[in-house]
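Below is data_9.cif, which holds mmCIF, C-alpha atoms.
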data_start
loop_
_atom_site.label_atom_id
_atom_site.label_comp_id
_atom_site.auth_asym_id
_atom_site.auth_seq_id
_atom_site.Cartn_x
_atom_site.Cartn_y
_atom_site.Cartn_z
CA MET A 1 127.78 80.06 35.79
CA ILE A 2 127.44 78.74 39.27
CA PRO A 3 130.05 76.18 40.25
CA ASP A 4 128.70 72.72 40.98
CA ASP A 5 130.13 72.39 44.42
CA VAL A 6 128.31 75.38 45.84
CA ASN A 7 125.43 74.28 47.98
CA ILE A 8 122.37 75.67 46.27
CA PRO A 9 119.06 75.05 47.99
CA SER A 10 116.81 72.91 45.90
CA ASP A 11 113.55 74.31 44.59
CA ASP A 12 111.29 73.52 47.46
CA THR A 13 113.56 75.14 50.01
CA ALA A 14 114.55 78.12 47.92
CA ASP A 15 111.18 79.80 48.57
CA ASP A 16 110.78 82.42 51.26
CA PHE A 17 108.57 80.06 53.22
CA ASP A 18 105.54 81.38 51.38
CA GLY A 19 104.15 77.87 51.63
CA LEU A 20 103.26 78.64 55.23
CA ARG A 21 100.59 81.01 53.93
CA SER A 22 98.58 78.09 52.65
CA MET A 23 98.69 76.21 55.91
CA HIS A 24 96.65 76.57 59.05
CA ILE A 25 96.79 75.30 62.59
CA PRO A 26 94.34 72.50 63.37
CA PHE A 27 92.49 73.91 66.38
CA LYS A 28 89.76 71.69 67.73
CA LYS A 29 87.30 74.48 68.31
CA ASP A 30 86.69 77.20 65.78
CA GLU A 31 86.08 80.81 66.70
CA LYS A 32 82.32 80.46 66.60
CA GLN A 33 82.37 77.71 69.21
CA ILE A 34 84.72 79.71 71.40
CA TRP A 35 82.46 82.73 71.17
CA GLN A 36 79.46 80.63 72.12
CA ALA A 37 81.33 79.41 75.19
CA LEU A 38 82.57 82.90 76.01
CA GLU A 39 79.39 84.90 75.55
CA PRO A 40 77.41 83.58 78.55
CA GLN A 41 80.33 84.51 80.78
CA LEU A 42 80.15 88.17 79.86
CA LYS A 43 78.43 89.85 82.73
CA ALA A 44 76.76 93.17 82.14
CA VAL A 45 79.06 96.13 82.51
CA PRO A 46 78.24 98.07 85.64
CA LYS A 47 77.46 101.60 84.62
CA VAL A 48 80.36 103.75 85.65
CA VAL A 49 79.64 107.41 85.31
CA ARG A 50 82.90 109.20 84.74
CA LEU A 51 82.84 112.83 85.70
CA PRO A 52 84.38 115.34 83.33
CA ARG A 53 87.71 116.61 84.43
CA PHE A 54 86.61 120.11 85.36
CA VAL A 55 83.80 118.72 87.49
CA LYS A 56 86.38 116.66 89.35
CA ALA A 57 88.57 119.72 89.73
CA VAL A 58 85.67 121.80 91.03
CA ALA A 59 84.65 119.04 93.42
CA ALA A 60 88.22 118.72 94.67
CA SER A 61 88.58 122.45 95.24
CA ILE A 62 85.24 122.64 97.03
CA LEU A 63 86.34 119.78 99.23
CA LEU A 64 89.65 121.50 99.91
CA ALA A 65 87.97 124.79 100.72
CA ALA A 66 85.46 123.02 102.94
CA SER A 67 88.13 121.17 104.85
CA PHE A 68 90.16 124.35 105.30
CA THR A 69 87.05 126.13 106.52
CA ALA A 70 86.22 123.33 108.91
CA PHE A 71 89.76 123.38 110.24
CA ALA A 72 89.84 127.16 110.59
CA TYR A 73 86.43 127.14 112.24
CA ASN A 74 87.24 124.43 114.72
CA TYR A 75 90.85 125.33 115.51
CA GLN A 76 90.62 127.06 118.85
CA THR A 77 92.94 128.79 121.24
CA THR A 78 91.92 128.74 124.87
CA LEU A 79 93.29 131.01 127.57
CA VAL A 80 92.85 129.95 131.15
CA CYS A 81 93.46 132.32 134.00
CA GLN A 82 93.77 130.57 137.37
CA LYS A 83 92.44 131.83 140.67
CA GLY A 84 94.54 134.63 142.08
CA ALA A 85 96.04 135.57 138.70
CA ASN A 86 95.46 138.14 135.98
CA GLN A 87 96.37 137.85 132.32
CA GLU A 88 96.70 140.19 129.40
CA TRP A 89 96.38 138.91 125.83
CA GLN A 90 96.34 140.34 122.34
CA LEU A 91 93.83 138.92 119.87
CA PRO A 92 94.81 138.43 116.19
CA ASP A 93 93.43 141.82 115.04
CA GLY A 94 95.26 143.75 117.74
CA SER A 95 92.34 143.96 120.17
CA ASN A 96 93.41 143.57 123.76
CA VAL A 97 91.78 141.46 126.37
CA TYR A 98 92.51 141.46 130.10
CA LEU A 99 91.37 138.41 132.01
CA ASN A 100 90.37 138.59 135.65
CA ASN A 101 91.09 135.68 137.97
CA ASP A 102 89.36 132.32 137.44
CA THR A 103 88.43 133.04 133.83
CA LYS A 104 88.41 131.01 130.64
CA LEU A 105 88.44 132.57 127.19
CA SER A 106 88.56 130.77 123.85
CA TYR A 107 88.56 131.91 120.24
CA ALA A 108 89.39 130.62 116.74
CA PRO A 109 92.57 132.42 115.62
CA ILE A 110 92.23 131.62 111.90
CA TRP A 111 88.50 132.05 111.69
CA TRP A 112 89.05 135.34 113.49
CA PHE A 113 89.46 137.16 110.18
CA PHE A 114 85.93 136.19 109.15
CA ASP A 115 84.20 136.46 112.48
CA ARG A 116 85.52 138.12 115.61
CA CYS A 117 83.99 136.02 118.32
CA VAL A 118 85.27 134.90 121.70
CA GLU A 119 83.73 132.63 124.27
CA LEU A 120 83.99 133.79 127.82
CA ASP A 121 83.47 132.17 131.17
CA GLY A 122 84.45 134.58 133.92
CA GLU A 123 85.32 138.25 133.77
CA ALA A 124 87.31 140.15 131.18
CA PHE A 125 87.89 143.66 129.96
CA PHE A 126 88.07 144.20 126.19
CA GLU A 127 89.67 146.98 124.17
CA VAL A 128 88.36 146.27 120.69
CA GLN A 129 89.96 147.53 117.48
CA LYS A 130 87.57 149.12 114.99
CA GLY A 131 86.29 146.71 112.39
CA ARG A 132 83.66 144.07 111.92
CA THR A 133 81.34 143.08 114.72
CA PHE A 134 83.12 141.77 117.76
CA ALA A 135 81.09 139.30 119.78
CA VAL A 136 81.53 137.88 123.26
CA LYS A 137 79.56 134.71 123.77
CA SER A 138 78.88 133.21 127.16
CA PHE A 139 76.30 130.91 128.64
CA ASN A 140 74.46 133.96 130.03
CA GLY A 141 74.15 135.89 126.78
CA ARG A 142 75.93 137.54 123.94
CA THR A 143 77.60 140.94 123.67
CA GLU A 144 78.29 142.61 120.35
CA VAL A 145 80.30 145.70 119.56
CA LEU A 146 82.04 147.34 116.64
CA GLY A 147 85.03 149.03 118.24
CA THR A 148 85.06 150.10 121.84
CA SER A 149 86.10 149.02 125.28
CA PHE A 150 83.90 147.22 127.71
CA ASN A 151 83.96 144.84 130.63
CA VAL A 152 82.09 141.57 130.64
CA GLN A 153 81.50 139.59 133.77
CA SER A 154 79.82 136.28 133.13
CA ARG A 155 79.99 134.03 136.11
CA LYS A 156 77.55 131.54 137.53
CA GLY A 157 74.33 133.43 138.20
CA ARG A 158 75.89 136.76 137.32
CA TYR A 159 76.07 138.56 133.98
CA GLN A 160 77.15 142.17 133.85
CA VAL A 161 78.40 144.15 130.90
CA HIS A 162 79.82 147.60 131.47
CA CYS A 163 80.39 149.83 128.48
CA LEU A 164 83.33 152.22 128.87
CA SER A 165 83.45 153.72 125.39
CA GLY A 166 81.52 153.39 122.14
CA LYS A 167 78.37 151.31 121.93
CA VAL A 168 77.70 147.79 123.05
CA LYS A 169 74.78 145.53 122.33
CA VAL A 170 74.00 142.89 124.95
CA MET A 171 71.71 140.01 124.13
CA ALA A 172 70.17 137.45 126.38
CA GLN A 173 66.45 136.80 126.25
CA ASN A 174 66.05 140.51 125.60
CA GLU A 175 68.42 143.03 124.03
CA VAL A 176 70.00 146.10 125.59
CA LEU A 177 71.99 148.79 123.80
CA LEU A 178 74.57 150.41 126.04
CA GLN A 179 76.22 153.81 125.68
CA LYS A 180 79.24 155.02 127.56
CA ASN A 181 79.06 154.44 131.32
CA GLN A 182 75.95 152.34 131.08
CA LYS A 183 75.78 148.87 132.43
CA ALA A 184 73.62 145.86 131.69
CA VAL A 185 72.85 143.49 134.54
CA LEU A 186 71.10 140.19 134.22
CA ARG A 187 68.35 139.92 136.82
CA GLY A 188 66.61 136.61 136.65
CA ALA A 189 66.10 136.04 132.94
CA LEU A 190 66.02 139.65 131.76
CA LEU A 191 68.68 142.27 131.26
CA ASP A 192 68.41 145.53 133.14
CA LYS A 193 70.08 148.77 132.07
CA LEU A 194 71.80 150.99 134.65
CA ASP A 195 72.79 154.58 133.82
CA ALA A 196 75.77 156.62 134.95
CA VAL A 197 77.64 153.75 136.49
CA PRO A 198 81.03 154.87 137.79
CA TYR A 199 84.11 153.54 136.08
CA GLU A 200 85.26 151.79 139.24
CA ALA A 201 82.12 149.66 139.45
CA SER A 202 83.56 147.26 136.89
CA MET A 203 87.09 148.39 136.39
CA SER A 204 88.40 148.25 139.92
CA TRP A 205 89.82 144.79 139.29
CA ARG A 206 92.07 146.27 136.66
CA LYS A 207 93.56 148.48 139.36
CA ALA A 208 93.86 145.60 141.82
CA GLN A 209 91.00 146.82 143.94
CA PHE A 210 87.86 145.31 145.32
CA TYR A 211 84.80 147.44 144.69
CA PHE A 212 81.50 146.44 146.23
CA LYS A 213 78.36 148.50 146.26
CA ASP A 214 75.33 146.96 147.97
CA ALA A 215 76.75 143.59 147.12
CA PRO A 216 75.56 140.44 148.88
CA LEU A 217 78.18 139.17 151.25
CA SER A 218 78.17 135.82 149.44
CA TYR A 219 79.35 137.55 146.26
CA VAL A 220 81.96 139.51 148.19
CA PHE A 221 83.44 136.32 149.55
CA GLU A 222 83.26 134.67 146.13
CA GLU A 223 85.49 137.43 144.81
CA ILE A 224 87.80 137.01 147.81
CA GLU A 225 87.93 133.30 147.12
CA ARG A 226 88.85 133.89 143.51
CA HIS A 227 91.55 136.38 144.30
CA TYR A 228 93.24 134.59 147.19
CA ASN A 229 92.44 131.07 145.98
CA VAL A 230 90.85 130.08 149.28
CA GLU A 231 87.52 128.69 150.40
CA ILE A 232 85.15 130.50 152.71
CA THR A 233 82.11 128.82 154.22
CA GLU A 234 79.10 129.68 156.39
CA VAL A 235 78.56 133.14 154.94
CA PRO A 236 75.56 135.01 156.46
CA ALA A 237 73.10 136.80 154.16
CA LEU A 238 74.15 140.43 154.51
CA VAL A 239 74.77 143.32 152.14
CA TYR A 240 78.15 144.97 151.96
CA SER A 241 79.62 148.11 150.43
CA GLY A 242 83.28 149.01 150.38
CA VAL A 243 86.42 149.61 148.37
CA PHE A 244 89.81 148.22 149.32
CA SER A 245 93.06 147.10 147.80
CA LYS A 246 93.75 143.56 146.69
CA ASP A 247 97.35 143.82 147.88
CA MET A 248 96.74 143.20 151.57
CA PRO A 249 97.02 139.73 153.14
CA ILE A 250 93.87 137.61 153.31
CA GLU A 251 93.48 138.03 157.08
CA ASP A 252 93.46 141.84 156.78
CA ALA A 253 90.88 141.71 154.00
CA LEU A 254 88.62 139.41 155.99
CA ASN A 255 89.01 141.61 159.07
CA LEU A 256 88.02 144.63 157.01
CA ILE A 257 84.81 142.98 155.88
CA CYS A 258 83.89 141.26 159.11
CA LEU A 259 84.47 144.11 161.52
CA PRO A 260 81.47 146.32 160.62
CA PHE A 261 79.14 143.35 160.90
CA ASN A 262 80.60 142.18 164.20
CA LEU A 263 81.56 138.92 162.56
CA LYS A 264 84.54 136.77 163.30
CA PHE A 265 86.42 134.30 161.16
CA GLU A 266 88.77 131.46 161.86
CA PRO A 267 90.92 129.34 159.60
CA SER A 268 89.54 125.80 159.76
CA SER A 269 92.31 124.34 157.63
CA LYS A 270 94.82 125.52 155.04
CA ASN A 271 93.18 127.91 152.59
CA HIS A 272 89.87 127.41 154.27
CA PHE A 273 88.06 129.96 156.44
CA LYS A 274 84.89 129.76 158.49
CA ILE A 275 82.79 132.81 159.31
CA LEU A 276 81.40 133.03 162.84
CA GLU A 277 78.59 135.32 164.03
CA MET B 1 83.34 98.81 75.70
CA THR B 2 79.90 97.63 74.67
CA LYS B 3 79.10 94.03 73.84
CA GLN B 4 79.02 94.92 70.15
CA GLU B 5 82.42 96.50 70.32
CA PHE B 6 83.70 93.52 72.22
CA LYS B 7 82.39 91.13 69.58
CA GLU B 8 84.04 93.23 66.90
CA CYS B 9 87.28 93.09 68.81
CA PHE B 10 86.94 89.33 69.23
CA ASP B 11 86.40 88.81 65.52
CA LEU B 12 89.40 90.96 64.70
CA TYR B 13 91.95 89.55 67.12
CA PHE B 14 90.89 86.26 68.64
CA SER B 15 92.45 84.20 65.89
CA ALA B 16 95.71 86.16 65.95
CA ILE B 17 96.02 85.89 69.71
CA ARG B 18 95.32 82.19 69.71
CA LYS B 19 97.88 81.60 66.97
CA TYR B 20 100.43 83.69 68.83
CA VAL B 21 100.10 81.51 71.91
CA TYR B 22 100.26 78.43 69.71
CA TYR B 23 103.51 79.57 68.06
CA ARG B 24 104.98 79.91 71.49
CA SER B 25 103.55 76.79 73.12
CA GLY B 26 102.85 74.33 70.30
CA ASP B 27 99.81 73.30 72.31
CA SER B 28 96.54 74.05 70.53
CA GLU B 29 94.32 73.33 73.54
CA LEU B 30 96.38 75.60 75.76
CA ALA B 31 96.37 78.29 73.07
CA SER B 32 92.56 78.18 72.88
CA ASP B 33 92.18 78.30 76.65
CA ILE B 34 94.58 81.16 77.14
CA ALA B 35 93.10 83.19 74.30
CA GLN B 36 89.57 82.70 75.60
CA ASP B 37 90.67 83.59 79.10
CA VAL B 38 92.44 86.71 77.90
CA PHE B 39 89.31 87.92 76.14
CA LEU B 40 87.19 87.30 79.22
CA LYS B 41 89.66 89.29 81.29
CA LEU B 42 89.61 92.08 78.74
CA TRP B 43 85.81 92.27 79.03
CA GLU B 44 86.00 92.43 82.79
CA LYS B 45 88.35 95.39 82.63
CA HIS B 46 85.51 97.53 81.23
CA LEU B 47 87.92 99.61 79.23
CA PRO B 48 86.90 102.31 76.80
CA TYR B 49 87.21 100.85 73.31
CA GLU B 50 90.28 101.98 71.45
CA VAL B 51 91.55 99.58 68.78
CA GLN B 52 95.31 100.13 68.90
CA GLY B 53 95.55 100.08 72.68
CA VAL B 54 93.30 97.05 73.02
CA LYS B 55 95.34 95.12 70.44
CA ASN B 56 98.62 95.73 72.24
CA LEU B 57 97.00 94.94 75.55
CA LEU B 58 95.70 91.62 74.24
CA TYR B 59 99.15 90.49 73.13
CA LYS B 60 100.65 91.58 76.41
CA MET B 61 97.99 89.78 78.43
CA ALA B 62 98.33 86.64 76.33
CA SER B 63 102.10 86.66 76.72
CA ASP B 64 101.90 87.21 80.48
CA SER B 65 99.24 84.56 80.82
CA PHE B 66 101.36 82.06 78.91
CA VAL B 67 104.48 82.83 80.92
CA SER B 68 102.63 82.48 84.20
CA HIS B 69 101.23 79.19 82.96
CA LEU B 70 104.77 77.95 82.32
CA ARG B 71 105.87 79.14 85.70
CA LYS B 72 102.99 77.31 87.40
CA LYS B 73 103.66 74.06 85.58
CA ALA B 74 107.44 74.48 85.73
CA VAL B 75 107.71 73.16 82.22
CA HIS B 76 109.74 76.01 80.85
CA ASN B 77 112.40 73.89 79.23
CA LYS B 78 109.93 71.75 77.42
CA HIS B 79 108.45 74.77 75.71
CA GLU B 80 111.62 76.69 75.15
CA ASP B 81 112.42 74.96 71.88
CA GLY B 82 112.25 71.58 70.25
CA ILE B 83 108.48 71.59 70.28
CA LYS B 84 106.71 70.25 67.27
CA LEU B 85 104.09 72.45 65.71
CA ARG B 86 101.31 70.90 63.68
CA PHE B 87 99.98 72.44 60.50
CA GLU B 88 97.35 71.46 58.02
CA LEU B 89 97.12 72.46 54.42
CA ASN B 90 94.31 74.65 53.25
CA ASN B 91 91.93 72.82 50.93
CA ASP B 92 92.93 74.77 47.84
CA ALA B 93 96.65 74.05 48.35
CA ARG B 94 96.67 70.31 48.55
CA SER B 95 99.47 68.79 46.48
CA SER B 96 102.25 66.34 47.03
CA LEU B 97 104.80 69.16 46.81
CA MET B 98 103.04 71.08 49.56
CA GLU B 99 102.71 67.96 51.71
CA GLU B 100 106.44 67.55 51.34
CA ARG B 101 107.06 71.17 52.32
CA LYS B 102 104.76 70.96 55.31
CA LYS B 103 106.71 68.01 56.61
CA SER B 104 110.07 69.69 56.19
CA TYR B 105 108.85 72.98 57.69
CA THR B 106 107.48 71.37 60.82
CA GLN B 107 110.70 69.47 61.30
CA ALA B 108 112.95 72.46 60.70
CA LEU B 109 110.86 74.74 62.94
CA GLN B 110 111.81 72.60 65.93
CA TYR B 111 115.27 74.10 65.83
CA LEU B 112 114.12 77.68 66.26
CA LYS B 113 114.21 79.40 69.59
CA GLU B 114 110.84 80.46 70.87
CA PRO B 115 110.95 84.26 70.25
CA ASN B 116 112.32 83.75 66.76
CA ARG B 117 109.70 81.14 66.02
CA SER B 118 106.71 83.23 67.02
CA THR B 119 107.97 86.32 65.21
CA PHE B 120 108.83 84.36 62.09
CA LEU B 121 105.46 82.61 61.99
CA MET B 122 103.51 85.81 62.53
CA ASN B 123 105.33 87.13 59.52
CA LYS B 124 105.07 84.10 57.26
CA MET B 125 101.78 82.51 58.24
CA GLU B 126 99.68 85.57 58.88
CA GLY B 127 101.51 87.84 56.49
CA LEU B 128 101.92 90.58 59.06
CA THR B 129 104.49 93.23 58.20
CA HIS B 130 107.55 93.73 60.36
CA ARG B 131 106.15 97.04 61.50
CA GLU B 132 102.86 95.46 62.50
CA ILE B 133 104.54 92.67 64.45
CA ALA B 134 106.77 95.20 66.20
CA SER B 135 103.72 97.20 67.24
CA ARG B 136 101.82 94.14 68.49
CA LEU B 137 104.67 92.70 70.52
CA GLY B 138 106.05 96.01 71.68
CA LEU B 139 109.39 95.46 69.94
CA SER B 140 111.42 97.66 67.65
CA VAL B 141 111.13 97.05 63.90
CA LYS B 142 114.84 96.29 63.83
CA ALA B 143 114.44 93.52 66.38
CA VAL B 144 111.67 91.92 64.35
CA GLU B 145 113.77 92.11 61.18
CA LYS B 146 116.65 90.44 62.97
CA ARG B 147 114.48 87.67 64.35
CA VAL B 148 112.92 86.90 60.99
CA ALA B 149 116.25 87.01 59.16
CA LYS B 150 117.85 84.76 61.75
CA SER B 151 114.96 82.33 61.53
CA VAL B 152 115.12 82.21 57.74
CA MET B 153 118.83 81.57 57.87
CA LEU B 154 118.55 78.79 60.45
CA LEU B 155 115.61 77.16 58.71
CA LYS B 156 117.39 77.11 55.39
CA LYS B 157 120.39 75.57 57.00
CA HIS B 158 118.32 72.85 58.64
CA LEU B 159 116.29 72.21 55.54
CA ASN B 160 119.50 71.60 53.64
CA ILE B 161 120.75 69.26 56.28
CA LEU B 162 117.47 67.38 56.23
CA LYS B 163 117.75 66.79 52.54
#

Could you rewrite the structure in this file as structure tokens?
Amino acid sequence: MIPDDVNIPSDDTADDFDGLRSMHIPFKKDEKQIWQALEPQLKAVPKVVRLPRFVKAVAASILLAASFTAFAYNYQTTLVCQKGANQEWQLPDGSNVYLNNDTKLSYAPIWWFFDRCVELDGEAFFEVQKGRTFAVKSFNGRTEVLGTSFNVQSRKGRYQVHCLSGKVKVMAQNEVLLQKNQKAVLRGALLDKLDAVPYEASMSWRKAQFYFKDAPLSYVFEEIERHYNVEITEVPALVYSGVFSKDMPIEDALNLICLPFNLKFEPSSKNHFKILE
Amino acid sequence: MTKQEFKECFDLYFSAIRKYVYYRSGDSELASDIAQDVFLKLWEKHLPYEVQGVKNLLYKMASDSFVSHLRKKAVHNKHEDGIKLRFELNNDARSSLMEERKKSYTQALQYLKEPNRSTFLMNKMEGLTHREIASRLGLSVKAVEKRVAKSVMLLKKHLNILK
């Protein structure tokens, strides 16, 4: 028996609030009306094409590879050799390059492993390690070798390639294949091949010597200018031959050249010489 | 989500979402507006259709939308508790006993705190299981059980006092 004083909920509150199941909330608009209001606001879904994951992965890796390639291709090292200086440099594959004065050489050190190619403006001697084609580009033409040593001189109006060992292919408007001791010279637009050229003809600069054989005096003084970092003006049109050391002072060198021609020179200002007849 | 799928989703959940907002706000117009807005936003998300995820998302969006509405209007206290919900009896349940119950329920419900009220009503009015409510609101089943039990206890107490 339950004692009287215990507070027992009366019948209508003793339920578990099941009565709520038979009630609803008086909304003004029913679902149908809401849908009718909502539907016109639904704009068409823009078609979004989602790529499968592996396609994304492939695209990403291609992009990565492409950007690496672009970086490797465009990343360049440039060597600049001032007037009156010489420089020796080792390329990434162990090939050596010796730069003559007033020379610029650039190459891509990472891309090097795919393509051995340097750009040259000036004069340089190369000792190339055996391997893939080694190319020297310049505005005058292109020189290709496999593994050899050769000298390239590519200055304004002057392009000469001297092969000292192995084989060298020189390309401008025409192509010339050089063997040992042969030399290609650009005359006008075409390359000319010279046989049995003495070693000194191109390599004297490596021994700190001037070597001129039937050279125009203007070229002789250009070389002097480059070595001593001076300017020489009013050069007469003569042809000069001679070999002499680069170690002597500028005045002695000029004397040596001028004497046979009965020419005189005088310094007009610092680092500037004038030639007098 | 295609339009068909969206309609399907609307038919399944619009009513529940609207009621949920009503339990919390006691404002039927606001509940309709928020629910409609939530569905429009859902459409604009262009999600792939996946029933369970969409259901949870709808409740979350509705809740957030309601809270941000309160924040905007700065009427938090008004809605916190003491609001009066309005119910109507279904046609097949009309009787003087039920009218009496309806009156006492609406009065007693004023004393429930808002989270308890919405959880309790989802359980009692819509007949959703504790597990289902927990999944929709992102709560643990235990928390739902506690809220419902607490609500029942408080309501009974108030109903007795009202007598």

For chain A, which residues have at least one atom within 6 Å of chain B, if we go by only C-alpha atoms? Write them as a PDB file with C-alpha atoms, in the frame of the given file, please.
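And here's result.pdb as it stands now:
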ATOM      1  CA  LEU A  20     103.260  78.640  55.230  1.00  0.00           C
ATOM      2  CA  ARG A  21     100.590  81.010  53.930  1.00  0.00           C
ATOM      3  CA  SER A  22      98.580  78.090  52.650  1.00  0.00           C
ATOM      4  CA  MET A  23      98.690  76.210  55.910  1.00  0.00           C
ATOM      5  CA  HIS A  24      96.650  76.570  59.050  1.00  0.00           C
ATOM      6  CA  ILE A  25      96.790  75.300  62.590  1.00  0.00           C
ATOM      7  CA  PHE A  27      92.490  73.910  66.380  1.00  0.00           C
TER       8      PHE A  27
END

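You can rank B:Ser95, B:Ser25, B:Thr119, B:Ser151 by their closest distance to Leu137 of chain B using all atoms listed in the file, and at the top of that list sits B:Thr119.
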
- For atom CA of Gly141 of chain A and atom CA of Ala108 of chain A, the interatomic separation in Å (one decimal):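 Going from atom CA of Gly141 of chain A over to atom CA of Ala108 of chain A, I get 19.0 Å.
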
- Message: Measuring between all atoms listed in the file, which one of A:Leu105, A:Cys163, A:Leu256, A:Leu217 shows the shortest distance to Thr233 of chain A?
- Response: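 When distances to Thr233 of chain A are compared using all atoms listed in the file, the smallest one comes from A:Leu217.
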
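Here the PyMOL selection byres ((chain B and resi 56) around 12) matches the residues Tyr13, Ala16, Ile17, Leu42, Glu50, Val51, Gln52, Gly53, Val54, Lys55, Leu57, Leu58, Tyr59, Lys60, Met61, Ala62, Ser63, Glu132, Ile133, Ala134, Ser135, Arg136, Leu137, Gly138 and Leu139 of chain B.
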
How big is the axis-aligned box around the listed atoms of segment 89-93 of chain B once 5 Å is added on each side, and where is its centre? Give both in Å to one decimal, as JSON.
{"center_x": 94.5, "center_y": 73.6, "center_z": 51.1, "size_x": 15.2, "size_y": 12.3, "size_z": 16.6}

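Atom CA of Glu251 of chain A is found 26.7 Å from atom CA of Ala124 of chain A.
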
- Message: For segment 263-272 of chain A, find every residue with an atom within 10 Å (counting all atoms listed in the file), except residues of its own chain fewer than 6 positions away, and show them as a PyMOL selection string.
- Response: chain A and resi 225+228-234+236+250-251+254-255+257

- Compare A:Val49, A:Val243, A:Val128, A:Leu120 by their minimum atom-to-atom distance to Ser204 of chain A, counting only C-alpha atoms, and give me the closest one.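 With only C-alpha atoms as the atom set, the closest residue is A:Val243.
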
- Grab the atom CA of Lys47 of chain A to atom CA of Ile34 of chain A distance for me, in Å with one decimal place.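 Between these atoms lies a distance of 26.6 Å.
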
- Got a sec: who's within 10 Å of Tyr75 of chain A, counting only C-alpha atoms, leaving out chain neighbours fewer than 4 positions off, as a ChimeraX atom specification? /A:69-71,107-111

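Considering the residues A:Thr148, A:Gln160, A:Ser202, A:Ser218 and counting all atoms listed in the file, Gln179 of chain A has its shortest atom-to-atom contact with A:Thr148.
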
- Item | Pick from A:Asp115, A:Asp192, A:Glu277, A:Glu144 nearest to Gly166 of chain A, counting all atoms listed in the file | A:Glu144

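Each of A:Leu177, A:Leu238, A:Leu164, A:Ala253 was compared to Phe210 of chain A using only C-alpha atoms, and A:Ala253 turns out to be the nearest.
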